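Working notes, structure below.
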Amino acid sequence: MSAGNTARPLRVTLQFVPPAIVFVLLLAVWELGVRFFNIPYVTLPAPSRILHTIPTIDELWSDAYYTTVEEALPGFLLGSGIGFLVAVLATRWTFFARGILPYAAVTNSIPIIGMAPISVALFGAEWQSKAVIVAILTFFPMVLNAYRGLNSVDPLSLQLMRSYAANGWETFLQLRLPASLPFVFNALKINTTLAMIGAIVAEYFGGPFAGLGYYINNEAPELAMDKAWSAVVVACGIGIGAYLIVVILERIFTSWHVSYRGDG
Amino acid sequence: MSALTHQHDAPQPEDQSLAIAIGIRGVSMVYTTRGERLNALTNITLDIAEGEFVSLIGPSGCGKSTLLRVIADLLQPSTGRVEVHGKSADVARRERNYGMVFQSPVLYDWRTVERNVQLPLEIMKVSKRERAERCAELLELVGLQDFAKRYPWQLSGGMQQRVAIARALSFRPSILLMDEPFGALDEMTRERLNLELLSIWSRTGTTVVFVTHSIPEAVFLSDRIVVMTPRPGRIEHIVEVDLPRPRGAEIREDERFFRLIAEVRSRLYEH
Ligand SMILES: Nc1ncnc2c1ncn2[C@@H]1O[C@H](COP(=O)(O)OP(=O)(O)OP(=O)(O)O)[C@@H](O)[C@H]1O
Ligand SMILES: [Mg+2]
């Protein structure tokens with residue numbers, strides 16, 4: 001036990017070594033490739049140039065990243081929250097499950113690019129129309145995963161609950177909810193990515209005249225590729241940051257789960 | 001509390017002075033799956049006395065688990081009924097008379113050992129202090145006091161099963177229903193847990209219904225062994241075990257022990 005604990009920080013550090021090496025190699029190939037073949041920056045800017053450009057773009061820092069987060073975060077919370085609620089109701093009432101789950105699957109097949117302009121027409125050019133797109137996008141992964149998680153409990157543990165004369169609420173709180181957490185966090189991880197994609201793509205289709213997507217969509221046709229790439233890098237950063245926050249929460253709330261039972 | 005002081009003196013079921021803990025009256029169970037009917041139990045009638053230790057033995061599929069579930073009110077019998085302390089099985093369950101132990105420990109991975117043991121008490125709204133006291137007492141009883149803060153997956157199979165037993169005993173159920181609780185364990189662990197179970201049973205005075213595939217285990221533990229046969233599941237014979245109590249490991253060397261094993265075996269293989 002104690003040996004495992006002292007070894008932990010080292011093991012965590014080692015975990016990051018292989019991807020870090022790959023990342024650095026990739027950047028090196030990119031940088032050298034651009035220089036060696038003399039590729040003009042309007043085609044593909046070198047990483048060093050993007051890195052120098054990022055801090056110089058005022059729009060990016062004054063409102064672009066903020067605007068996108070303002071659309072993605074509420075949409076993410078709304079879609080994931082409603083998704084979880086629907087999964088709970090579907091678990092509680094089989095009838096509801098039969099009625100609603102097919103429609104939940106339908107939301108997954110909505111062509112989101114096609115929906116974006118319609119959403120603007122319905123909810124206006126401000127952040128709300130983008131948040132709705134993000135909510136639709138993140139809803140289904142949560143319903144699917146949470147429903148599976150809530151129903152992943154061993155029938156014997158349900159019989160145990162019945163033998164304690166536990167009511168439905170206690171069975172939910174003590175058994176189904178904790179059992180579903182690993183699945184729920186999986187959905188949240190998928191949804192951080194979907195939320196960023198959803199918000200950025202939705203911005204291509206009209207207002208607010210800010211946001212990372214809007215910025216990329218404006219600069220790329222102007223051949224300001226270093227600026228467009230800068231926005232992409234910032235979007236990546238936000239996405240990775242959100243993902244890491246979810247991963248940390250996951251570790252805190254599901255530390256008991258198989259995937260964390262160190263092998264040392 | 002009176003249950004804790006109850007003493008055992010090999011109850012005789014014919015003795016009318018002994019109260020009946022479980023009365024199984026003409027229970028039949030028919031499963032219907034996709035139109036196919038399967039007679040899992042046919043006309044089972046059996047009285048189990050308070051404080052008695054009864055084992056169910058029989059070939060796979062003869063309905064032992066089904067009978068246990070019917071007693072526990074986890075299944076509704078197709079016909080017949082079960083009375084527990086003169087009440088229906090449903091009322092007995094709501095009044096929390098049943099402690100259950102299955103072949104797998106069914107512990108909750110997200111709870112430590114002590115919080116697993118306390119789970120039924122939490123559901124039954126027992127105060128935190130009382131829960132902690134009761135839990136410490138039980139972990140001591142099953143010899144796991146040093147593992148209270150561990151998680152189930154950090155324990156061996158035998159230790160996990162002891163946690164499951166402690167959890168089943170936590171709320172002092174008057175009846176313990178055990179479905180092959182030691183079936184997945186090695187012989188040595190099984191024999192040690194058999195001894196532990198007997199000592200717990202003699203201290204608590206709980207009525208035990210115990211399903212097993214092991215003839216020596218049934219003989220070692222039981223007051224009576226109910227031999228069942230399949231298709232349709234019914235009681236073939238009941239073997240009285242007149243070995244003296246308290247029983248220690250040395251009884252396994254006793255000539256009467258072997259004679260009883262031979263008797264149960266011949267009953268089992270009659271069909
Ligand atoms: N839920 C169910 N639906 C349909 N048939 C069932 C169900 N549960 C059990 N059965 C059938 O009922 C019969 C008795 O099953 P049961 O589990 O009670 O047997 P058992 O004596 O406990 O067997 P084992 O020793 O293998 O545990 C078997 O033929 C089984 O296939
Ligand atoms: Mg069985």
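If you're wondering about the labels, chains in the structure tokens are A, B, ... by order shown, residues count from 1 in each chain, ligands from 1 in order shown.
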Secondary structure check, helix (DSSP H, G or I) residues of stretch 140-181 of chain B, as number ranges by chain
B: 140-141, 145-147, 152-154, 157-169
Near chain A, meaning an atom within 6 Å, which residues of chain B appear when counting only C-alpha atoms? Write them as a PDB file with all heavy atoms, in the first residue's frame.
ATOM      1  N   ARG B  94     -40.737  -6.649   4.912  1.00  0.00           N
ATOM      2  CA  ARG B  94     -40.856  -5.226   5.248  1.00  0.00           C
ATOM      3  C   ARG B  94     -40.406  -4.951   6.676  1.00  0.00           C
ATOM      4  O   ARG B  94     -39.929  -3.868   6.995  1.00  0.00           O
ATOM      5  CB  ARG B  94     -42.303  -4.756   5.068  1.00  0.00           C
ATOM      6  CG  ARG B  94     -42.665  -4.642   3.615  1.00  0.00           C
ATOM      7  CD  ARG B  94     -44.135  -4.328   3.420  1.00  0.00           C
ATOM      8  NE  ARG B  94     -44.527  -4.655   2.065  1.00  0.00           N
ATOM      9  CZ  ARG B  94     -44.189  -3.919   1.006  1.00  0.00           C
ATOM     10  NH1 ARG B  94     -43.465  -2.835   1.164  1.00  0.00           N
ATOM     11  NH2 ARG B  94     -44.553  -4.288  -0.198  1.00  0.00           N
ATOM     12  N   ARG B  96     -38.013  -6.420   7.974  1.00  0.00           N
ATOM     13  CA  ARG B  96     -36.567  -6.687   7.929  1.00  0.00           C
ATOM     14  C   ARG B  96     -36.143  -7.901   8.752  1.00  0.00           C
ATOM     15  O   ARG B  96     -35.302  -7.821   9.639  1.00  0.00           O
ATOM     16  CB  ARG B  96     -35.804  -5.451   8.362  1.00  0.00           C
ATOM     17  CG  ARG B  96     -35.760  -4.433   7.252  1.00  0.00           C
ATOM     18  CD  ARG B  96     -36.160  -3.081   7.670  1.00  0.00           C
ATOM     19  NE  ARG B  96     -36.050  -2.143   6.535  1.00  0.00           N
ATOM     20  CZ  ARG B  96     -36.286  -0.845   6.631  1.00  0.00           C
ATOM     21  NH1 ARG B  96     -36.631  -0.321   7.779  1.00  0.00           N
ATOM     22  NH2 ARG B  96     -36.190  -0.081   5.584  1.00  0.00           N
ATOM     23  N   TRP B 110     -17.881   1.072  -4.312  1.00  0.00           N
ATOM     24  CA  TRP B 110     -17.598   2.460  -3.934  1.00  0.00           C
ATOM     25  C   TRP B 110     -17.670   2.672  -2.427  1.00  0.00           C
ATOM     26  O   TRP B 110     -17.503   3.786  -1.946  1.00  0.00           O
ATOM     27  CB  TRP B 110     -18.561   3.413  -4.640  1.00  0.00           C
ATOM     28  CG  TRP B 110     -19.997   3.006  -4.513  1.00  0.00           C
ATOM     29  CD1 TRP B 110     -20.859   3.360  -3.521  1.00  0.00           C
ATOM     30  CD2 TRP B 110     -20.728   2.174  -5.413  1.00  0.00           C
ATOM     31  NE1 TRP B 110     -22.083   2.785  -3.733  1.00  0.00           N
ATOM     32  CE2 TRP B 110     -22.035   2.059  -4.893  1.00  0.00           C
ATOM     33  CE3 TRP B 110     -20.404   1.521  -6.608  1.00  0.00           C
ATOM     34  CZ2 TRP B 110     -23.020   1.303  -5.537  1.00  0.00           C
ATOM     35  CZ3 TRP B 110     -21.388   0.779  -7.221  1.00  0.00           C
ATOM     36  CH2 TRP B 110     -22.669   0.677  -6.693  1.00  0.00           C
TER      37      TRP B 110
END
Counting only C-alpha atoms and all ligand atoms, which protein, DNA or RNA residues come within 9 Å of ligand 2, given as a ChimeraX atom specification?
/B:60-66,68,103,179-180,211-212
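For the residues B:Pro152, B:Pro105, B:Pro216, B:Gly233, ranking by smallest atom-to-atom distance to ligand 1 using only C-alpha atoms and all ligand atoms places B:Gly233 first.
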If you count only C-alpha atoms, which residues fall within 12 Å of B:Thr42, apart from same-chain ones fewer than 5 positions away, as a PyMOL selection string?
chain B and resi 24-31+62-64+66-67+77-80+228-236
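With atom CA of B:Gly248 on one side and atom CA of B:Gly158 on the other, the separation reads 20.0 Å.
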Write out as a count of residues only which residues come within 12 Å of A:Ser109 when counting only C-alpha atoms, dropping same-chain ones fewer than 5 positions away.
10
Close residues, B:Asp73 itself excluded, 6 Å, only C-alpha atoms, min 2 positions apart in chain, as a PDB file with all heavy atoms, in the first residue's frame:
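The resulting result15.pdb:
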ATOM      1  N   VAL B  70     -38.291 -17.514  -2.716  1.00  0.00           N
ATOM      2  CA  VAL B  70     -39.710 -17.475  -2.331  1.00  0.00           C
ATOM      3  C   VAL B  70     -39.831 -17.168  -0.834  1.00  0.00           C
ATOM      4  O   VAL B  70     -40.636 -16.337  -0.425  1.00  0.00           O
ATOM      5  CB  VAL B  70     -40.410 -18.806  -2.683  1.00  0.00           C
ATOM      6  CG1 VAL B  70     -41.784 -18.883  -2.018  1.00  0.00           C
ATOM      7  CG2 VAL B  70     -40.552 -18.954  -4.189  1.00  0.00           C
ATOM      8  N   ILE B  71     -38.994 -17.824  -0.028  1.00  0.00           N
ATOM      9  CA  ILE B  71     -39.022 -17.550   1.415  1.00  0.00           C
ATOM     10  C   ILE B  71     -38.732 -16.069   1.668  1.00  0.00           C
ATOM     11  O   ILE B  71     -39.371 -15.424   2.494  1.00  0.00           O
ATOM     12  CB  ILE B  71     -37.973 -18.418   2.159  1.00  0.00           C
ATOM     13  CG1 ILE B  71     -38.312 -19.904   2.033  1.00  0.00           C
ATOM     14  CG2 ILE B  71     -37.896 -18.023   3.628  1.00  0.00           C
ATOM     15  CD1 ILE B  71     -37.246 -20.829   2.603  1.00  0.00           C
ATOM     16  N   LEU B  75     -39.515 -13.544  -4.748  1.00  0.00           N
ATOM     17  CA  LEU B  75     -40.306 -14.169  -5.809  1.00  0.00           C
ATOM     18  C   LEU B  75     -41.672 -14.503  -5.246  1.00  0.00           C
ATOM     19  O   LEU B  75     -41.779 -14.916  -4.087  1.00  0.00           O
ATOM     20  CB  LEU B  75     -39.655 -15.499  -6.229  1.00  0.00           C
ATOM     21  CG  LEU B  75     -38.656 -15.562  -7.368  1.00  0.00           C
ATOM     22  CD1 LEU B  75     -38.241 -17.019  -7.571  1.00  0.00           C
ATOM     23  CD2 LEU B  75     -39.244 -14.990  -8.632  1.00  0.00           C
ATOM     24  N   ALA B  89     -44.730 -13.637   4.167  1.00  0.00           N
ATOM     25  CA  ALA B  89     -43.331 -13.363   3.817  1.00  0.00           C
ATOM     26  C   ALA B  89     -43.149 -11.893   3.464  1.00  0.00           C
ATOM     27  O   ALA B  89     -42.114 -11.288   3.773  1.00  0.00           O
ATOM     28  CB  ALA B  89     -42.911 -14.251   2.643  1.00  0.00           C
ATOM     29  N   ASP B  90     -44.157 -11.306   2.839  1.00  0.00           N
ATOM     30  CA  ASP B  90     -44.089  -9.904   2.448  1.00  0.00           C
ATOM     31  C   ASP B  90     -43.938  -9.004   3.674  1.00  0.00           C
ATOM     32  O   ASP B  90     -43.062  -8.127   3.717  1.00  0.00           O
ATOM     33  CB  ASP B  90     -45.367  -9.563   1.661  1.00  0.00           C
ATOM     34  CG  ASP B  90     -45.450  -8.079   1.360  1.00  0.00           C
ATOM     35  OD1 ASP B  90     -44.505  -7.569   0.731  1.00  0.00           O
ATOM     36  OD2 ASP B  90     -46.445  -7.453   1.749  1.00  0.00           O
TER      37      ASP B  90
END
